[in-house]
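*Asks:* Dropping a structure here in structure tokens format, bear with me for questions.
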Amino acid sequence: MAGGFTLYSRPGSGGFVVEVAFAMAGQAFENVEISKTEAGEGGSFRSVNPVGQVPALILPDGRLMTESAAICLYLAELFPGRGIGPLAGSTDRPDFLRWMLFLSSAHYPTLLRWYYPARRTTDATGIDAVKAAALAESEQLFAVIETHLAGRDWLVGDAMTIADVYLAMLAHWLPPHDSPRGDWVNIIRVCASVAAHPVVAEVNRAHRVWPA
Ligand SMILES: N[C@@H](CCC(=O)N[C@@H](CS)C(=O)NCC(=O)O)C(=O)O
């Protein structure tokens, strides 16, 4: 789409939350599916994003934007009033920034460590230990969220934001079952509310972050 947005993504990836933000905005974009081979070392996608990760967004002026949370925050500003998240100046803005960064910069990397453990050690016999530590840290962070959600409908304020969608995505990546732990009743409750949102449900039909 010349002059529009182009999103490089893959079903089930972090592109999910960005696609939901675009859908909430009602903004069309060209969706380019990148295979793991194209994204791998030496693959053609490396000329777009040198680190080979999705999501990667090409802005209408041709610049590259990476980082799922940064893209979501940008779309929230670009498309105000669409429920993506509270804007600067609103009471809920600090909470929104807190949880978006908590999820993307503290939590997402713990899951990446579990899925790509060989990047975290040069000791071939240390893989299992890296995975165990990654899972333990992820569970600690989910426990923080579980406590925060007690008596609340959403992570931020009194309406769904893209932060809740981000949470549902991470909760359904949790190894080994791709689902939140059964005793996290508050997280499960919020994930169910997110899944019931018609815009989210429509995007998830293609992504299947959770069973559609
Ligand atoms: N910090 C990045 C992480 C993106 C990321 O790790 N994406 C995964 C898919 S969910 C990926 O492309 N992994 C391939 C790799 O790391 O080689 C973001 O928030 O967008």
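Quick note on naming: the chains in the structure tokens go A, B, ... in the order shown, residues restart at 1 in each chain, and ligands are numbered from 1 in order of appearance.
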List the spatial neighbours of Gly81 (chain A) as a list of chain:residue names - criterion: any atom at most 12 Å away, only C-alpha atoms, same-chain residues fewer than 4 positions off excluded.

*Replies:*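 Returned residues: A:Met24, A:Ala25, A:Gly26, A:Leu75, A:Ala76, A:Glu77, A:Gly85, A:Pro86, A:Leu87, A:Thr161.
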
*Asks:* Write the residues you've just listed into a file as an mmCIF file, in the first residue's frame, and include N, CA and C atoms for each of them.

*Replies:*
data_model
loop_
_atom_site.group_PDB
_atom_site.id
_atom_site.type_symbol
_atom_site.label_atom_id
_atom_site.label_comp_id
_atom_site.auth_asym_id
_atom_site.auth_seq_id
_atom_site.Cartn_x
_atom_site.Cartn_y
_atom_site.Cartn_z
ATOM 1 N N MET A 24 -8.785 -1.642 16.185
ATOM 2 C CA MET A 24 -9.508 -0.723 17.074
ATOM 3 C C MET A 24 -9.531 0.677 16.467
ATOM 4 N N ALA A 25 -8.438 1.039 15.805
ATOM 5 C CA ALA A 25 -8.344 2.367 15.182
ATOM 6 C C ALA A 25 -9.222 2.475 13.937
ATOM 7 N N GLY A 26 -9.590 1.319 13.375
ATOM 8 C CA GLY A 26 -10.331 1.330 12.123
ATOM 9 C C GLY A 26 -9.443 1.733 10.953
ATOM 10 N N LEU A 75 0.061 4.291 17.905
ATOM 11 C CA LEU A 75 -1.273 4.205 17.289
ATOM 12 C C LEU A 75 -2.339 4.797 18.211
ATOM 13 N N ALA A 76 -2.149 4.639 19.538
ATOM 14 C CA ALA A 76 -3.102 5.229 20.493
ATOM 15 C C ALA A 76 -3.131 6.748 20.346
ATOM 16 N N GLU A 77 -1.950 7.332 20.109
ATOM 17 C CA GLU A 77 -1.875 8.796 19.942
ATOM 18 C C GLU A 77 -2.422 9.237 18.590
ATOM 19 N N GLY A 85 -5.921 3.342 24.187
ATOM 20 C CA GLY A 85 -5.345 3.630 25.503
ATOM 21 C C GLY A 85 -5.476 5.095 25.825
ATOM 22 N N PRO A 86 -5.397 5.437 27.109
ATOM 23 C CA PRO A 86 -5.538 6.835 27.516
ATOM 24 C C PRO A 86 -4.371 7.694 27.025
ATOM 25 N N LEU A 87 -4.698 8.920 26.684
ATOM 26 C CA LEU A 87 -3.698 9.823 26.105
ATOM 27 C C LEU A 87 -3.015 10.652 27.181
ATOM 28 N N THR A 161 -8.137 -1.669 27.408
ATOM 29 C CA THR A 161 -7.159 -0.959 26.574
ATOM 30 C C THR A 161 -6.290 -2.020 25.894
#

*Asks:* Could you pull out the strand (DSSP E or B) residues of region 22-194 of chain A, going by DSSP on the backbone, and write them as a list of chain:residue names?

*Replies:*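 Here are the strand (DSSP E or B) residues of region 22-194 of chain A: A:Glu30, A:Asn31, A:Val32, A:Glu33, A:Ala56, A:Leu57, A:Ile58, A:Leu64, A:Met65, A:Thr66.
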
*Asks:* Could you give me, as a tab-separated table (two decimals) with N, CA and C atoms, in the first residue's frame, the residues within 7 Å of His107 (chain A), counting only C-alpha atoms and dropping anything in the same chain fewer than 5 positions from it?

*Replies:*
chain	number	residue	atom	x	y	z
A	102	PHE	N	5.81	-2.57	31.39
A	102	PHE	CA	6.00	-3.77	32.23
A	102	PHE	C	5.84	-5.02	31.35
A	138	SER	N	8.91	-15.38	34.71
A	138	SER	CA	7.63	-15.05	34.07
A	138	SER	C	6.48	-15.25	35.07
A	141	LEU	N	6.20	-12.48	37.54
A	141	LEU	CA	5.61	-11.26	36.99
A	141	LEU	C	4.10	-11.42	36.79

*Asks:* Show me which residues line ligand 1, defined as having an atom within 8 Å of a ligand atom where only C-alpha atoms and all ligand atoms count, and present them as JSON, numbers by chain.

*Replies:* {"A": [10, 12, 13, 14, 15, 36, 39, 40, 51, 52, 53, 54, 55, 56, 66, 67, 68, 69, 70, 104, 105, 108, 109, 112, 116]}

*Asks:* Using only C-alpha atoms for the distances, tell me which of A:Ile187, A:Leu57, A:Leu78, A:Cys72 is nearest to Val17 (chain A).

*Replies:*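 Among the listed residues, A:Cys72 lies closest to Val17 (chain A).
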
*Asks:* Can you work out which one of A:Thr110, A:Asn49, A:Asn186, A:Asn31 has the shortest atom-to-atom distance to Phe5 (chain A), counting only C-alpha atoms?

*Replies:* A:Asn31

*Asks:* Mind pulling up the distance from CA of Pro11 (chain A) to CA of Pro60 (chain A)?

*Replies:*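 Here the two named atoms are 23.0 Å from each other.
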
*Asks:* Just how far from CA of Leu167 (chain A) is CA of Pro80 (chain A), in Å to one decimal?

*Replies:*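 So the two atoms, CA of Pro80 (chain A) and CA of Leu167 (chain A), lie 21.3 Å apart.
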